[in-house]
Every structure is written in structure tokens, then in C-alpha cells.
Number of protein chains: 2
Amino acid sequence: MSGARKAEIGDKMVKRYPLYLRVLREMAAQGETYASGAVVAKALELDPIVVRKDLSKTGVRGKPRVGFPMTEIIASIERYLGWNAATEAVLAGAGRLGSALLGYPGFQHQGFKIVAAFDANPKKRGKIAGIPVYPSAQIAEIVRTLNVSLGILTVPADQAQAVADAMMAGGIRGIWNFTPVQLSVPADVIVKREDLAASLAVLSHRLRHGEHPK
Amino acid sequence: MSGARKAEIGDKMVKRYPLYLRVLREMAAQGETYASGAVVAKALELDPIVVRKDLSKTGVRGKPRVGFPMTEIIASIERYLGWNAATEAVLAGAGRLGSALLGYPGFQHQGFKIVAAFDANPKKRGKIAGIPVYPSAQIAEIVRTLNVSLGILTVPADQAQAVADAMMAGGIRGIWNFTPVQLSVPADVIVKREDLAASLAVLSHRLRHGEHPK
DNA sequence: TAGATTGTTAATCGATTAACAATC
DNA sequence: TAGATTGTTAATCGATTAACAATC
């Protein structure tokens with residue numbers, strides 16, 4: 001997060017930052033001005049060494065016996081995650097799951113804002129949770145006009161590839177894929193799959209084969 | 001998956017099995033009787049070595065030049081994931097996200113069945129997607145009666161711990177937690193967090209800091 | 001047979017954990 | 001000062017990748 005070239009930060013680490021942010025913001029709201037790695041680790045049931053290392057990666061210097069200065073550490077993580085300025089996204093597929101995401105209040109604290117939605121069904125036109133819903137035929141055009149680079153895919157499986165193609169035609173560079181479809185995209189487009197089946201498999205595996213080793 | 005004691009299978013590997021299953025089932029539906037790791041790897045854009053290793057972990061022997069016998073390999077993975085007999089679950093919080101999960105058709109192919117739902121709001125009583133919705137006050141009682149060991153948590157954050165406690169009082173041993181709350185549970189209860197903020201962080205990190213290294 | 005694919009062992013890589021000096 | 005906590009280097013661990021013999 002400082003200027004200089006630093007070691008790549010892995011996915012595992014990136015995933016922990018939102019957790020830290022939640023705890024840190026809560027502590028800040030309670031008037032704390034410093035946060036020690038030990039306290040954060042306890043709140044999240046993580047190993048203190050992991051937390052200390054992650055926090056030190058931000059470039060913010062902590063004081064022994066005291067911890068990290070709250071304002072700085074929060075700002076640094078927010079900046080790193082890009083949560084200081086909201087990333088705009090569009091969503092295609094305003095079905096049950098899509099509507100749930102459109103109405104999810106948490107995104108506003110996560111530097112994330114859905115600015116438009118699309119659905120093939122004319123009955124879905126209008127606004128859902130204050131977000132305008134357009135015909136799917138206009139995806140490429142509207143994405144381009146709004147200059148959005150992130151798309152959320154919550155359409156039925158058989159439309160997934162076609163809708164993804166339309167998004168990319170409009171300039172989308174990252175797709176948050178909630179469908180079970182293996183999307184075919186060019187190398188410079190990033191797809192993040194939200195795989196409920198995989199999560200479920202991990203949970204049920206732990207449930208039946210005993211707790212995970214560590 | 002064979003009887004003998006074998007090396008622990010890590011989360012990463014467990015997460016890939018549902019992917020394999022999807023591809024294998026599709027191939028089987030098209031009449032294929034053997035599946036080679038190479039073909040599966042290509043379909044999922046995975047390294048063939050990973051696939052070969054994962055598939056060999058099932059205990060099913062493949063034939064060089066041909067691949068793994070379709071029926072056996074599918075049955076073995078299904079058995080390992082516990083998808084041969086449906087795991088029953090209850091869901092608490094029939095809001096937008098909860099309703100989306102109640103109506104999600106994919107679960108039936110994933111050895112998973114939601115048999116009851118709960119909501120604090122009396123207006124939600126009745127049935128959603130064919131699943132009965134009961135008052136939250138009856139969670140412990142009904143969970144115990146149905147003898148279900150897995151609970152899905154899609155309630156508002158401020159009710160998460162109380163509802164989880166009620167589930168556990170009824171005998172729930174695994175919780176699929178869709179809330180951002182850090183649940184406090186005894187060591188023998190397994191919590192799997194579905195963390196949208198973390199996924200989003202990974203996606204936006206890759207989008208802004210360049211593609212992931214590998 | 002020739003060659004693609006499996007099965008397995010070894011090498012590499014990255015992340016986690018341990019250890020400990022520095023510091024407030 | 002004493003002691004908790006940071007910062008950093010080393011050790012361990014697990015997963016991925018590479019290499020290659022076995023086999024149909």
C-alpha cells in the first residue's frame with residue numbers, strides 16, 4: 001500500500017482485509033484510537049501472527065505495547081481494497097438472487113455500488129431497490145455509456161455466456177459470476193466465481209469427515 | 001474414498017470435486033463411458049496434473065490412453081461429497097437472500113435439501129418454494145423433531161447469534177453463515193462463512209492490481 | 001508398435017507458524 | 001523498569017508443478 005514495489009499479496013490475505021476492516025471500524029466507533037493485532041486476532045479467532053503480518057503489510061507502523069493508529073490503519077486498508085471510492089457495477093438477471101444483491105445494504109460499506117440492472121423479462125422493468133432495470137438487449141450500450149468495468153452475473157445458466165459476452169462488448173473487465181457456468185473470456189477479463197456448490201461441499205465434508213485439520 | 005486410511009483431503013481439493021462432477025455428469029449425459037483427466041482439465045481450464053491427482057485420490061483406477069470409467073468415478077465423487085443421499089438442512093431468515101436459496105433449484109443435484117425455514121415475521125408464514133416457513137420461536141423444537149444437523153443462516157446481523165444458538169439448541173452441528181457476524185460456537189460445531197465482502201475484495205483486487213500471479 | 005494418459009515420486013512454491021530481537 | 005506488542009527472519013507445512021516410468 002505504500003508506493004514502493006512490494007511482495008504480491010495473495011488471495012488469502014486479501015480475503016482477510018475486509019474482516020479486519022469490520023472489526024477496526026467497530027473499534028473506531030467505540031472511540032478506540034489504537035488497535036493492536038492481538039485484539040483484532042481475538043475478535044476474529046485468527047492467529048495473532050497472521051494479523052500482525054497482514055497489518056504490517058499495509059505499511060502503517062504500529063507502536064509496541066499500543067498497536068496501530070486507528071485512523072491510519074483503516075484508511076490504508078480501505079485504500080488498498082479500493083473502498084475509499086465506490087466501484088460501480090451493473091447486474092444482469094434480476095431474479096431472486098439478483099434482487100437480493102440489488103437490495104443488499106452491505107455493499108455501500110464495501111466501496112461497491114450497483115448502478116444499473118438488466119433482465120430479459122419485461123415485467124422486471126422499472127426499479128428494484130432504487131436501481132433502474134433495463135432490457136437485456138441494451139447491456140452493451142448502457143455499460144459503455146455508464147463506463148462501468150464490473151458486472152454481476154445472476155442470470156439462468158443457459159444465458160450466462162451470451163450475457164457475459166454482451167457485458168464485455170460494453171467494456172466490462174471483471175465478472176462476478178454467480179452461475180455454475182464455466183465462462184469463456186479473453187485473458188484480460190477477470191472472472192470470479194461465486195461457487196455455492198463448492199462452499200457447501202467444504203462444509204459438508206468437514207461435517208462428515210471431522211473438523212478440518214487446522 | 002476407499003476404505004483404507006488415506007491422506008487428508010484439503011479444502012482446495014474438496015472445492016474442485018463439485019466442478020468435476022458437473023463436467024462428468026454432462027459427459028455422461030452425452031453418452032461418454034470414460035473420462036480422461038485431460039478432457040476434464042480442459043473443460044474447466046485447470047492444470048491436467050491437478051485433475052489427474054484429484055481423480056486418482058478417489059481410489060478409482062484409470063486406464064492409460066482411455067481415462068476413468070464414468071459410472072465409477074461419478075459414483076465415487078458423489079459418495080465422497082455425500083451427494084448420494086441428500087443432506088437435510090433448515091434455513092432461518094426468509095428475506096431476499098433466504099428466499100433465493102429456498103428457491104434455488106441447483107441444490108437437488110448437490111445432495112442438499114432444505115426441509116424447513118424460519119422467519120420472525122408472521123407475514124412470511126406458510127410456504128416458500130414449497131418449503132414450510134415456521135416462527136423463529138420454534139427453531140430448536142422443530143430442528144430437533146426433524147433431526148437436522150445443518151442450518152443456513154440468512155437473518156439480519158443483529159439476530160444471527162441468537163438464531164444460531166437456537167439452532168444449536170436443537171442439535172445443529174454445522175452452520176452455513178451468510179451473515180457478516182463472527183459467530184460464537186462450541187468447538188464441535190462447524191461454521192462455514194459465505195463472505196461476499198471477501199469475494200468482492202479478491203475480484204476488485206485483481207481488477208485493480210493486475211491479474212493474479214498464477 | 002507408437003503414443004497418449006495414468007500413477008507416483010521429487011522439486012518448487014507460497015503460506016503458515018515459530019522464534020526472537022527491538023521498542024515503547 | 002518490566003512486559004506486552006511489533007517487526008522480521010527462519011522453520012515448517014501443504015499444495016502446486018515438474019518429471020518420468022508404467023501401461024493400455
# chains A, B, ... in the order shown; residues from 1 in each chain; ligands from 1
call {"tool": "select_by_dssp", "arguments": {"residues": "region 25-206 of chain B", "states": "strand (DSSP E)", "output": "PyMOL selection string"}}
result
chain B and resi 34-35+68-69+87-92+112-119+126-128+131-135+150-153+174-177+190-193
call {"tool": "residues_around", "arguments": {"residues": "Gly67 (chain A)", "least_positions_apart": "5", "cutoff": "9 Å", "atoms": "only C-alpha atoms (C1' of nucleotides)", "output": "VMD selection string"}}
result
(chain A and resid 34 to 38 61 to 62) or (chain D and resid 5 to 6)
call {"tool": "write_last_selection", "arguments": {"atoms": "N, CA and C atoms (P, O5', C5', C4', C3', O3' and C1' of nucleotides)", "output": "short mmCIF file (atom, residue, chain, number, x, y, z; two decimals), in the first residue's frame"}}
result
data_model
loop_
_atom_site.label_atom_id
_atom_site.label_comp_id
_atom_site.auth_asym_id
_atom_site.auth_seq_id
_atom_site.Cartn_x
_atom_site.Cartn_y
_atom_site.Cartn_z
N TYR A 34 -6.25 3.32 18.98
CA TYR A 34 -5.23 2.38 18.54
C TYR A 34 -5.81 0.96 18.54
N ALA A 35 -5.32 0.13 17.61
CA ALA A 35 -5.78 -1.25 17.55
C ALA A 35 -4.57 -2.17 17.54
N SER A 36 -4.49 -3.05 18.50
CA SER A 36 -3.37 -4.00 18.49
C SER A 36 -3.79 -5.24 17.71
N GLY A 37 -2.82 -5.84 17.04
CA GLY A 37 -3.08 -7.06 16.30
C GLY A 37 -3.68 -8.13 17.18
N ALA A 38 -3.24 -8.16 18.42
CA ALA A 38 -3.72 -9.20 19.34
C ALA A 38 -5.23 -9.10 19.55
N ARG A 61 3.00 1.81 10.48
CA ARG A 61 3.84 1.34 11.57
C ARG A 61 3.05 1.32 12.87
N GLY A 62 3.14 0.19 13.55
CA GLY A 62 2.49 0.10 14.84
C GLY A 62 3.45 0.41 15.97
P DT D 5 -0.57 -7.27 24.46
"O5'" DT D 5 0.27 -6.74 23.23
"C5'" DT D 5 0.42 -5.34 23.03
"C4'" DT D 5 1.44 -5.11 21.95
"C3'" DT D 5 1.20 -5.93 20.68
"O3'" DT D 5 1.03 -5.03 19.60
"C1'" DT D 5 3.47 -5.97 21.32
P DT D 6 0.81 -5.58 18.11
"O5'" DT D 6 2.14 -5.07 17.40
"C5'" DT D 6 2.46 -3.69 17.42
"C4'" DT D 6 3.89 -3.48 16.97
"C3'" DT D 6 4.16 -3.85 15.52
"O3'" DT D 6 4.87 -2.79 14.89
"C1'" DT D 6 5.67 -5.01 16.94
#
call {"tool": "residues_around", "arguments": {"residues": "region 9-15 of chain C", "least_positions_apart": "2", "cutoff": "12 Å", "atoms": "only C-alpha atoms (C1' of nucleotides)", "output": "VMD selection string"}}
result
(chain A and resid 7 to 13 50 53) or (chain B and resid 213 to 214) or (chain C and resid 7 17) or (chain D and resid 12 to 21)
call {"tool": "write_last_selection", "arguments": {"atoms": "N, CA and C atoms (P, O5', C5', C4', C3', O3' and C1' of nucleotides)", "output": "CSV table (one decimal), in the first residue's frame"}}
result
chain,number,residue,atom,x,y,z
A,7,ALA,N,6.1,-7.2,-2.1
A,7,ALA,CA,5.7,-8.6,-2.5
A,7,ALA,C,4.2,-8.6,-2.8
A,8,GLU,N,3.9,-9.5,-3.8
A,8,GLU,CA,2.5,-9.7,-4.1
A,8,GLU,C,1.7,-10.1,-2.9
A,9,ILE,N,0.5,-9.7,-2.8
A,9,ILE,CA,-0.3,-10.1,-1.7
A,9,ILE,C,-1.3,-11.1,-2.2
A,10,GLY,N,-1.3,-12.3,-1.6
A,10,GLY,CA,-2.1,-13.4,-2.1
A,10,GLY,C,-3.6,-13.2,-1.7
A,11,ASP,N,-4.4,-14.1,-2.4
A,11,ASP,CA,-5.8,-14.0,-2.2
A,11,ASP,C,-6.2,-14.2,-0.8
A,12,LYS,N,-5.5,-15.2,-0.1
A,12,LYS,CA,-5.9,-15.4,1.3
A,12,LYS,C,-5.8,-14.2,2.1
A,13,MET,N,-4.7,-13.4,1.9
A,13,MET,CA,-4.5,-12.2,2.6
A,13,MET,C,-5.6,-11.2,2.3
A,50,VAL,N,-0.6,-14.0,12.2
A,50,VAL,CA,-1.2,-13.7,10.8
A,50,VAL,C,-1.6,-12.2,10.8
A,53,LYS,N,1.2,-9.7,10.8
A,53,LYS,CA,1.9,-9.7,9.5
A,53,LYS,C,1.0,-8.9,8.4
B,213,PRO,N,-1.1,-13.6,-9.9
B,213,PRO,CA,0.2,-14.1,-10.3
B,213,PRO,C,0.1,-15.4,-11.2
B,214,LYS,N,-0.8,-16.3,-10.8
B,214,LYS,CA,-0.7,-17.6,-11.4
B,214,LYS,C,-1.9,-17.9,-12.2
C,7,DG,P,-4.7,-44.0,-12.5
C,7,DG,O5',-3.3,-44.0,-11.9
C,7,DG,C5',-2.5,-45.2,-12.1
C,7,DG,C4',-1.1,-45.0,-11.4
C,7,DG,C3',-1.2,-44.4,-10.0
C,7,DG,O3',-0.4,-45.2,-9.2
C,7,DG,C1',0.2,-43.1,-11.3
C,17,DT,P,-1.4,-21.5,10.9
C,17,DT,O5',0.0,-21.6,11.6
C,17,DT,C5',0.7,-22.8,11.5
C,17,DT,C4',2.1,-22.6,12.1
C,17,DT,C3',2.2,-22.0,13.5
C,17,DT,O3',2.7,-23.0,14.4
C,17,DT,C1',3.8,-21.0,12.1
D,12,DT,P,12.1,-27.1,11.2
D,12,DT,O5',10.6,-27.0,10.8
D,12,DT,C5',9.6,-26.6,11.7
D,12,DT,C4',8.3,-26.5,11.0
D,12,DT,C3',7.8,-27.7,10.3
D,12,DT,O3',6.6,-28.1,10.9
D,12,DT,C1',7.5,-25.9,8.9
D,13,DC,P,6.0,-29.6,10.7
D,13,DC,O5',4.9,-29.3,9.6
D,13,DC,C5',3.9,-28.2,9.8
D,13,DC,C4',3.3,-27.8,8.5
D,13,DC,C3',2.8,-29.0,7.7
D,13,DC,O3',1.4,-29.1,7.7
D,13,DC,C1',3.8,-27.3,6.4
D,14,DG,P,0.7,-30.3,7.1
D,14,DG,O5',0.2,-29.7,5.7
D,14,DG,C5',-0.5,-28.4,5.7
D,14,DG,C4',-0.7,-28.0,4.3
D,14,DG,C3',-1.2,-29.0,3.3
D,14,DG,O3',-2.1,-28.4,2.4
D,14,DG,C1',0.8,-28.1,2.5
D,15,DA,P,-3.1,-29.3,1.5
D,15,DA,O5',-3.1,-28.5,0.2
D,15,DA,C5',-2.9,-27.1,0.2
D,15,DA,C4',-2.2,-26.7,-1.1
D,15,DA,C3',-2.7,-27.4,-2.3
D,15,DA,O3',-2.9,-26.5,-3.4
D,15,DA,C1',-0.3,-27.5,-2.2
D,16,DT,P,-3.6,-26.9,-4.7
D,16,DT,O5',-2.4,-26.5,-5.8
D,16,DT,C5',-1.7,-25.3,-5.7
D,16,DT,C4',-0.4,-25.4,-6.4
D,16,DT,C3',-0.6,-25.8,-7.9
D,16,DT,O3',0.1,-24.8,-8.7
D,16,DT,C1',1.2,-27.0,-6.8
D,17,DT,P,-0.1,-24.8,-10.3
D,17,DT,O5',1.3,-25.5,-10.7
D,17,DT,C5',2.5,-24.9,-10.4
D,17,DT,C4',3.6,-25.8,-10.7
D,17,DT,C3',3.7,-26.4,-12.1
D,17,DT,O3',4.8,-25.9,-12.8
D,17,DT,C1',4.1,-28.1,-10.5
D,18,DA,P,5.2,-26.4,-14.2
D,18,DA,O5',6.2,-27.6,-13.9
D,18,DA,C5',7.3,-27.4,-13.0
D,18,DA,C4',8.2,-28.7,-13.0
D,18,DA,C3',8.4,-29.3,-14.3
D,18,DA,O3',9.8,-29.7,-14.4
D,18,DA,C1',7.5,-30.9,-12.8
D,19,DA,P,10.5,-30.3,-15.7
D,19,DA,O5',10.6,-31.8,-15.3
D,19,DA,C5',11.1,-32.2,-14.1
D,19,DA,C4',11.2,-33.7,-13.9
D,19,DA,C3',11.4,-34.4,-15.3
D,19,DA,O3',12.3,-35.5,-15.0
D,19,DA,C1',9.4,-35.2,-14.3
D,20,DC,P,13.0,-36.2,-16.2
D,20,DC,O5',12.3,-37.7,-16.1
D,20,DC,C5',12.2,-38.3,-14.8
D,20,DC,C4',11.3,-39.5,-14.9
D,20,DC,C3',11.4,-40.2,-16.3
D,20,DC,O3',11.3,-41.6,-16.0
D,20,DC,C1',9.2,-39.7,-15.7
D,21,DA,P,12.1,-42.6,-17.0
D,21,DA,O5',11.8,-44.0,-16.3
D,21,DA,C5',11.7,-44.1,-14.9
D,21,DA,C4',10.4,-44.8,-14.5
D,21,DA,C3',10.2,-46.1,-15.4
D,21,DA,O3',9.6,-47.1,-14.5
D,21,DA,C1',8.3,-44.7,-15.6
call {"tool": "interface_residues", "arguments": {"of": "chain B", "to": "chain A", "cutoff": "7 Å", "atoms": "only C-alpha atoms", "output": "list in words"}}
result
Asp11, Val14, Lys15, Pro18, Leu44, Leu81, Arg96, Leu97, Ala100, Gln110, Gly174, Gln182, Ile190, Lys192, Ala197, Ala198, Ser199, Ala201, Val202, Leu203, His205 and Leu207 of chain B
call {"tool": "write_last_selection", "arguments": {"atoms": "N, CA and C atoms", "output": "PDB file, in the first residue's frame"}}
result
ATOM      1  N   ASP B  11      -9.195 -28.441   1.694  1.00  0.00           N
ATOM      2  CA  ASP B  11     -10.346 -27.681   1.228  1.00  0.00           C
ATOM      3  C   ASP B  11     -10.275 -27.398  -0.270  1.00  0.00           C
ATOM      4  N   VAL B  14     -11.400 -30.378  -2.106  1.00  0.00           N
ATOM      5  CA  VAL B  14     -12.839 -30.594  -1.921  1.00  0.00           C
ATOM      6  C   VAL B  14     -13.644 -29.639  -2.798  1.00  0.00           C
ATOM      7  N   LYS B  15     -13.170 -28.415  -2.910  1.00  0.00           N
ATOM      8  CA  LYS B  15     -13.887 -27.429  -3.721  1.00  0.00           C
ATOM      9  C   LYS B  15     -13.897 -27.788  -5.197  1.00  0.00           C
ATOM     10  N   PRO B  18     -16.951 -30.671  -6.837  1.00  0.00           N
ATOM     11  CA  PRO B  18     -18.214 -30.321  -7.481  1.00  0.00           C
ATOM     12  C   PRO B  18     -18.039 -29.892  -8.940  1.00  0.00           C
ATOM     13  N   LEU B  44     -12.486 -27.265 -17.679  1.00  0.00           N
ATOM     14  CA  LEU B  44     -12.513 -26.385 -16.512  1.00  0.00           C
ATOM     15  C   LEU B  44     -11.341 -25.402 -16.481  1.00  0.00           C
ATOM     16  N   LEU B  81     -18.569 -36.772  -1.512  1.00  0.00           N
ATOM     17  CA  LEU B  81     -19.188 -35.492  -1.152  1.00  0.00           C
ATOM     18  C   LEU B  81     -20.479 -35.691  -0.363  1.00  0.00           C
ATOM     19  N   ARG B  96     -34.839 -11.664   1.325  1.00  0.00           N
ATOM     20  CA  ARG B  96     -34.491 -11.782  -0.091  1.00  0.00           C
ATOM     21  C   ARG B  96     -33.513 -12.909  -0.360  1.00  0.00           C
ATOM     22  N   LEU B  97     -32.407 -12.887   0.393  1.00  0.00           N
ATOM     23  CA  LEU B  97     -31.394 -13.906   0.159  1.00  0.00           C
ATOM     24  C   LEU B  97     -31.901 -15.293   0.564  1.00  0.00           C
ATOM     25  N   ALA B 100     -34.175 -16.637  -1.990  1.00  0.00           N
ATOM     26  CA  ALA B 100     -33.431 -17.051  -3.171  1.00  0.00           C
ATOM     27  C   ALA B 100     -32.859 -18.454  -2.959  1.00  0.00           C
ATOM     28  N   GLN B 110     -27.093 -31.453  -5.696  1.00  0.00           N
ATOM     29  CA  GLN B 110     -25.908 -31.348  -4.856  1.00  0.00           C
ATOM     30  C   GLN B 110     -26.113 -32.024  -3.514  1.00  0.00           C
ATOM     31  N   GLY B 174     -23.648 -27.989  12.023  1.00  0.00           N
ATOM     32  CA  GLY B 174     -22.925 -27.200  11.027  1.00  0.00           C
ATOM     33  C   GLY B 174     -23.774 -26.012  10.616  1.00  0.00           C
ATOM     34  N   GLN B 182     -19.393 -12.672  13.299  1.00  0.00           N
ATOM     35  CA  GLN B 182     -18.479 -13.682  13.789  1.00  0.00           C
ATOM     36  C   GLN B 182     -19.214 -14.467  14.880  1.00  0.00           C
ATOM     37  N   ILE B 190     -19.396 -26.651  13.432  1.00  0.00           N
ATOM     38  CA  ILE B 190     -18.634 -26.126  12.311  1.00  0.00           C
ATOM     39  C   ILE B 190     -19.372 -24.978  11.655  1.00  0.00           C
ATOM     40  N   LYS B 192     -19.318 -22.376   8.443  1.00  0.00           N
ATOM     41  CA  LYS B 192     -18.739 -22.017   7.145  1.00  0.00           C
ATOM     42  C   LYS B 192     -19.330 -20.679   6.755  1.00  0.00           C
ATOM     43  N   ALA B 197     -18.173 -10.061   0.969  1.00  0.00           N
ATOM     44  CA  ALA B 197     -17.201  -8.967   1.015  1.00  0.00           C
ATOM     45  C   ALA B 197     -15.820  -9.471   0.637  1.00  0.00           C
ATOM     46  N   ALA B 198     -15.476 -10.673   1.089  1.00  0.00           N
ATOM     47  CA  ALA B 198     -14.161 -11.231   0.783  1.00  0.00           C
ATOM     48  C   ALA B 198     -14.033 -11.539  -0.709  1.00  0.00           C
ATOM     49  N   SER B 199     -15.077 -12.134  -1.287  1.00  0.00           N
ATOM     50  CA  SER B 199     -15.036 -12.438  -2.712  1.00  0.00           C
ATOM     51  C   SER B 199     -14.876 -11.175  -3.535  1.00  0.00           C
ATOM     52  N   ALA B 201     -13.638  -8.416  -2.575  1.00  0.00           N
ATOM     53  CA  ALA B 201     -12.297  -7.858  -2.365  1.00  0.00           C
ATOM     54  C   ALA B 201     -11.287  -8.522  -3.288  1.00  0.00           C
ATOM     55  N   VAL B 202     -11.396  -9.843  -3.431  1.00  0.00           N
ATOM     56  CA  VAL B 202     -10.472 -10.567  -4.309  1.00  0.00           C
ATOM     57  C   VAL B 202     -10.660 -10.122  -5.756  1.00  0.00           C
ATOM     58  N   LEU B 203     -11.909 -10.036  -6.176  1.00  0.00           N
ATOM     59  CA  LEU B 203     -12.179  -9.624  -7.548  1.00  0.00           C
ATOM     60  C   LEU B 203     -11.662  -8.222  -7.823  1.00  0.00           C
ATOM     61  N   HIS B 205      -9.484  -6.563  -6.223  1.00  0.00           N
ATOM     62  CA  HIS B 205      -8.029  -6.533  -6.109  1.00  0.00           C
ATOM     63  C   HIS B 205      -7.364  -6.948  -7.410  1.00  0.00           C
ATOM     64  N   LEU B 207      -8.703  -6.869 -10.296  1.00  0.00           N
ATOM     65  CA  LEU B 207      -9.075  -5.908 -11.329  1.00  0.00           C
ATOM     66  C   LEU B 207      -8.158  -4.693 -11.284  1.00  0.00           C
TER      67      LEU B 207
END
call {"tool": "select_by_dssp", "arguments": {"residues": "region 19-121 of chain B", "states": "helix (DSSP H, G or I)", "output": "PyMOL selection string"}}
result
chain B and resi 19-29+37-44+48-56+70-81+96-102+105-110
call {"tool": "atom_distance", "arguments": {"atom1": "CA of Pro64 (chain A)", "atom2": "CA of Leu21 (chain A)"}}
result
20.8 Å
call {"tool": "residues_around", "arguments": {"residues": "Val90 (chain B)", "least_positions_apart": "2", "cutoff": "9 Å", "atoms": "only C-alpha atoms (C1' of nucleotides)", "output": "ChimeraX atom specification"}}
result
/B:88,92,113-118,143,148-153,167
call {"tool": "atom_distance", "arguments": {"atom1": "CA of Asn147 (chain A)", "atom2": "CA of Arg125 (chain A)"}}
result
21.3 Å
